[in-house]
>>> print(open('model_29.tsv').read())   # TSV, C-alpha atoms
chain	number	residue	atom	x	y	z
A	651	MET	CA	150.01	106.01	126.97
A	652	ASP	CA	151.54	109.31	125.96
A	653	TRP	CA	149.78	112.31	124.40
A	654	ASP	CA	150.58	111.34	120.80
A	655	GLN	CA	149.04	107.92	121.20
A	656	LEU	CA	146.01	109.40	122.92
A	657	ALA	CA	145.56	111.95	120.11
A	658	THR	CA	145.83	109.19	117.49
A	659	LEU	CA	143.32	107.04	119.33
A	660	SER	CA	140.87	109.93	119.69
A	661	GLN	CA	141.17	110.68	115.97
A	662	LEU	CA	140.41	107.04	115.15
A	663	VAL	CA	137.39	107.03	117.45
A	664	THR	CA	136.19	110.34	116.00
A	665	GLY	CA	136.62	109.00	112.45
A	666	ALA	CA	134.70	105.81	113.27
A	667	ALA	CA	131.91	107.82	114.89
A	668	THR	CA	131.75	110.09	111.85
A	669	LEU	CA	131.43	107.06	109.56
A	670	LEU	CA	128.65	105.62	111.73
A	671	VAL	CA	126.74	108.91	111.66
A	672	ALA	CA	127.24	109.20	107.88
A	673	GLY	CA	125.93	105.66	107.40
A	674	PHE	CA	122.92	106.38	109.57
A	675	LEU	CA	122.14	109.62	107.70
A	676	TRP	CA	122.54	107.90	104.33
A	677	ASN	CA	120.06	105.24	105.40
A	678	GLN	CA	117.63	107.91	106.61
A	679	LEU	CA	117.87	109.65	103.22
A	680	ARG	CA	117.04	106.40	101.45
A	681	VAL	CA	114.01	105.84	103.67
A	682	GLN	CA	112.88	109.42	103.17
A	683	HIS	CA	113.30	109.12	99.39
A	684	ARG	CA	111.22	105.91	99.32
A	685	ASP	CA	108.52	107.59	101.40
A	686	SER	CA	108.54	110.57	99.06
A	687	GLU	CA	108.16	108.33	95.99
A	688	ARG	CA	105.32	106.43	97.64
A	689	ASP	CA	103.55	109.68	98.57
A	690	PHE	CA	103.93	110.92	94.99
A	691	ALA	CA	102.57	107.64	93.62
A	692	PHE	CA	99.52	107.81	95.89
A	693	ALA	CA	98.95	111.48	95.04
A	694	ASN	CA	99.19	110.67	91.32
A	695	GLU	CA	96.75	107.79	91.69
A	696	THR	CA	94.33	109.91	93.73
A	697	LYS	CA	94.42	112.69	91.14
A	698	GLN	CA	93.71	110.22	88.36
A	699	GLN	CA	90.82	108.65	90.27
A	700	ASP	CA	89.39	112.10	91.00
A	701	LEU	CA	89.75	113.08	87.35
A	702	ILE	CA	87.94	109.99	86.11
A	703	ALA	CA	85.25	110.30	88.79
A	704	SER	CA	84.64	113.89	87.68
A	705	TRP	CA	84.19	112.73	84.08
A	706	TYR	CA	81.46	110.30	85.01
A	707	SER	CA	79.75	112.53	87.57
A	708	ASP	CA	79.37	115.31	85.00
A	709	GLU	CA	76.71	114.40	82.45
A	710	SER	CA	78.22	116.39	79.58
A	711	CYS	CA	81.63	114.75	80.12
A	712	SER	CA	80.08	111.33	80.41
A	713	ASN	CA	78.10	111.85	77.21
A	714	LEU	CA	81.18	113.14	75.40
A	715	LEU	CA	83.18	110.07	76.43
A	716	TRP	CA	80.40	107.74	75.32
A	717	LYS	CA	80.23	109.47	71.95
A	718	ALA	CA	84.01	109.54	71.55
A	719	TYR	CA	84.33	105.86	72.44
A	720	ASN	CA	81.56	104.65	70.17
A	721	SER	CA	81.23	107.12	67.27
A	722	TYR	CA	84.43	109.11	67.17
A	723	GLU	CA	83.91	110.24	63.59
A	724	ALA	CA	80.67	111.99	64.61
A	725	LEU	CA	82.42	114.30	67.09
A	726	ALA	CA	82.31	118.02	66.37
A	727	PRO	CA	85.72	119.78	66.33
A	728	GLU	CA	85.17	121.28	69.80
A	729	GLU	CA	84.22	117.82	71.12
A	730	VAL	CA	87.39	116.32	69.66
A	731	HIS	CA	89.38	119.08	71.36
A	732	ARG	CA	87.70	118.47	74.70
A	733	PHE	CA	88.12	114.69	74.44
A	734	ARG	CA	91.78	115.18	73.53
A	735	LEU	CA	92.41	117.35	76.60
A	736	MET	CA	90.63	114.90	78.88
A	737	TYR	CA	92.57	111.91	77.61
A	738	GLN	CA	95.85	113.81	77.55
A	739	GLN	CA	95.61	114.25	81.32
A	740	MET	CA	94.87	110.58	81.78
A	741	TYR	CA	97.83	109.55	79.62
A	742	LEU	CA	100.15	111.85	81.58
A	743	HIS	CA	98.97	110.28	84.83
A	744	GLN	CA	99.58	106.83	83.34
A	745	LEU	CA	103.09	107.87	82.30
A	746	ASN	CA	103.88	109.06	85.84
A	747	ALA	CA	102.48	105.89	87.38
A	748	TRP	CA	104.47	103.70	84.97
A	749	ARG	CA	107.70	105.50	85.82
A	750	LEU	CA	107.06	105.05	89.54
A	751	LYS	CA	106.71	101.26	89.07
A	752	ARG	CA	104.09	101.03	91.82
A	753	ASP	CA	103.49	97.36	91.02
A	754	GLY	CA	107.15	96.54	90.50
A	755	ASP	CA	107.62	94.19	87.55
A	756	ASP	CA	104.10	92.71	87.73
A	757	LEU	CA	102.36	93.94	84.58
A	758	ARG	CA	99.02	92.17	84.99
A	759	ARG	CA	97.20	95.22	86.39
A	760	TRP	CA	98.81	97.41	83.73
A	761	ARG	CA	97.68	95.08	80.97
A	762	LEU	CA	94.11	95.04	82.26
A	763	GLN	CA	94.12	98.81	82.65
A	764	TRP	CA	95.41	99.48	79.14
A	765	GLU	CA	92.99	96.96	77.65
A	766	ARG	CA	90.25	99.12	79.19
A	767	ILE	CA	91.86	102.41	78.12
A	768	LEU	CA	92.07	101.16	74.51
A	769	GLY	CA	88.88	99.08	74.57
A	770	SER	CA	86.81	101.02	72.04
A	771	PRO	CA	87.61	102.35	68.56
A	772	GLY	CA	87.48	105.97	69.77
A	773	GLN	CA	89.93	105.26	72.56
A	774	ARG	CA	92.34	103.67	70.12
A	775	ARG	CA	91.87	106.63	67.80
A	776	TYR	CA	93.15	108.93	70.55
A	777	LEU	CA	96.30	106.80	70.77
A	778	GLU	CA	96.74	106.98	67.00
A	779	ASP	CA	96.21	110.73	66.76
A	780	TRP	CA	97.75	112.14	69.96
A	781	GLY	CA	98.66	109.48	72.51
A	782	ARG	CA	101.84	108.01	71.09
A	783	PRO	CA	104.02	111.12	71.57
A	784	ILE	CA	103.16	111.07	75.27
A	785	LEU	CA	103.92	107.36	75.57
A	786	GLU	CA	107.18	107.76	73.65
A	787	LEU	CA	108.52	109.71	76.62
A	788	ASP	CA	109.09	106.26	78.12
A	789	GLN	CA	110.02	103.69	75.49
A	790	SER	CA	109.15	100.67	77.64
A	791	LEU	CA	105.61	102.00	78.24
A	792	CYS	CA	105.23	102.79	74.55
A	793	GLU	CA	106.22	99.25	73.54
A	794	PHE	CA	103.94	97.72	76.18
A	795	VAL	CA	100.91	99.76	75.09
A	796	GLU	CA	101.66	99.25	71.39
A	797	GLU	CA	101.52	95.48	71.88
A	798	ILE	CA	98.10	95.76	73.53
A	799	TYR	CA	96.93	98.16	70.81
A	800	GLN	CA	97.95	95.71	68.07
A	801	GLU	CA	96.13	92.84	69.82
A	802	LEU	CA	92.93	94.88	70.16
A	803	GLU	CA	93.11	96.12	66.57
A	804	SER	CA	93.54	92.57	65.26
A	805	GLN	CA	90.53	91.42	67.32
A	806	ALA	CA	88.43	94.30	65.98
A	807	ALA	CA	89.27	93.53	62.34
>>> encode(input="model_29.tsv", output="structure tokens")
Amino acid sequence: MDWDQLATLSQLVTGAATLLVAGFLWNQLRVQHRDSERDFAFANETKQQDLIASWYSDESCSNLLWKAYNSYEALAPEEVHRFRLMYQQMYLHQLNAWRLKRDGDDLRRWRLQWERILGSPGQRRYLEDWGRPILELDQSLCEFVEEIYQELESQAA
């Protein structure tokens, strides 16, 4: 084997090794990206759980939610504002969770969750007044929630 053949062979081996390393690094990036998405999903879920727990552990928040759910029209303007801010955060967390597709294509948990989120007249009123623009940031979520909203409204009528 002369020097030219040896140089050609070494270039081929170097090229193959480079491709193997590139493939390995690409796979590591995919794994890291999946881990990052999972961490974000868990952080989002934890924040939402903490937010909701804080609502029910604080008596004034709990009372405001009860009043908003059951007699929305009786809310004072500052109570409407506070309720709107509370629910806005929850809707934004829902939007993030929907986009992350934590449950894949299984929508049973989502359906149950949105049936609870829209369960009372005051909760549906939030959707009517302020919630839809948030949901419209993801058309598939908006359509999904709108279907549940229509079902609940027809049952309430």
>>> closest_atom_pairs(input="model_29.tsv", of="region 715-758 of chain A", to="region 699-708 of chain A", cutoff="10 Å", atoms="only C-alpha atoms", output="JSON lines")
{"residue": "A:Leu715", "atom": "CA", "partner": "A:Trp705", "partner_atom": "CA", "distance": 8.2}
{"residue": "A:Met736", "atom": "CA", "partner": "A:Trp705", "partner_atom": "CA", "distance": 8.6}
{"residue": "A:Tyr737", "atom": "CA", "partner": "A:Ile702", "partner_atom": "CA", "distance": 9.9}
{"residue": "A:Gln739", "atom": "CA", "partner": "A:Leu701", "partner_atom": "CA", "distance": 8.5}
{"residue": "A:Met740", "atom": "CA", "partner": "A:Leu701", "partner_atom": "CA", "distance": 8.0}
{"residue": "A:His743", "atom": "CA", "partner": "A:Gln699", "partner_atom": "CA", "distance": 9.9}
>>> closest_residue(input="model_29.tsv", among="A:Tyr799, A:Ser790, A:Gln678, A:His683", to="Asp755 (chain A)", atoms="all atoms listed in the file")
A:Ser790
>>> closest_residue(input="model_29.tsv", among="A:Asn694, A:Ser660, A:Gln805, A:Asn720", to="Gln773 (chain A)", atoms="only C-alpha atoms")
A:Asn720
>>> closest_residue(input="model_29.tsv", among="A:Leu757, A:Leu802, A:Val663, A:Ala718", to="Arg734 (chain A)", atoms="all atoms listed in the file")
A:Ala718
>>> atom_distance(input="model_29.tsv", atom1="CA of Ile798 (chain A)", atom2="CA of Asp689 (chain A)")
29.2 Å
>>> atom_distance(input="model_29.tsv", atom1="CA of Ala691 (chain A)", atom2="CA of Arg752 (chain A)")
7.0 Å
>>> closest_residue(input="model_29.tsv", among="A:Leu735, A:Leu742, A:Ala747, A:Leu714", to="Phe690 (chain A)", atoms="all atoms listed in the file")
A:Ala747
>>> atom_distance(input="model_29.tsv", atom1="CA of Arg688 (chain A)", atom2="CA of Gly781 (chain A)")
26.2 Å
>>> closest_atom_pairs(input="model_29.tsv", of="region 724-759 of chain A", to="region 793-797 of chain A", cutoff="12 Å", atoms="only C-alpha atoms", output="JSON lines")
{"residue": "A:Tyr741", "atom": "CA", "partner": "A:Val795", "partner_atom": "CA", "distance": 11.2}
{"residue": "A:Gln744", "atom": "CA", "partner": "A:Val795", "partner_atom": "CA", "distance": 10.9}
{"residue": "A:Leu745", "atom": "CA", "partner": "A:Val795", "partner_atom": "CA", "distance": 11.1}
{"residue": "A:Trp748", "atom": "CA", "partner": "A:Phe794", "partner_atom": "CA", "distance": 10.6}
{"residue": "A:Leu757", "atom": "CA", "partner": "A:Phe794", "partner_atom": "CA", "distance": 9.3}
{"residue": "A:Arg758", "atom": "CA", "partner": "A:Phe794", "partner_atom": "CA", "distance": 11.5}
>>> closest_residue(input="model_29.tsv", among="A:Arg749, A:Gln698, A:Gly754, A:Leu762", to="Cys792 (chain A)", atoms="all atoms listed in the file")
A:Arg749
>>> closest_residue(input="model_29.tsv", among="A:Gly673, A:Pro771, A:Gly665, A:Asp779", to="Ala807 (chain A)", atoms="only C-alpha atoms")
A:Pro771
>>> axis_aligned_box(input="model_29.tsv", around="region 758-766 of chain A", padding_each_side="4 Å", output="lines of an AutoDock Vina configuration file")
center_x = 94.6
center_y = 95.8
center_z = 82.0
size_x = 16.8
size_y = 15.3
size_z = 16.7
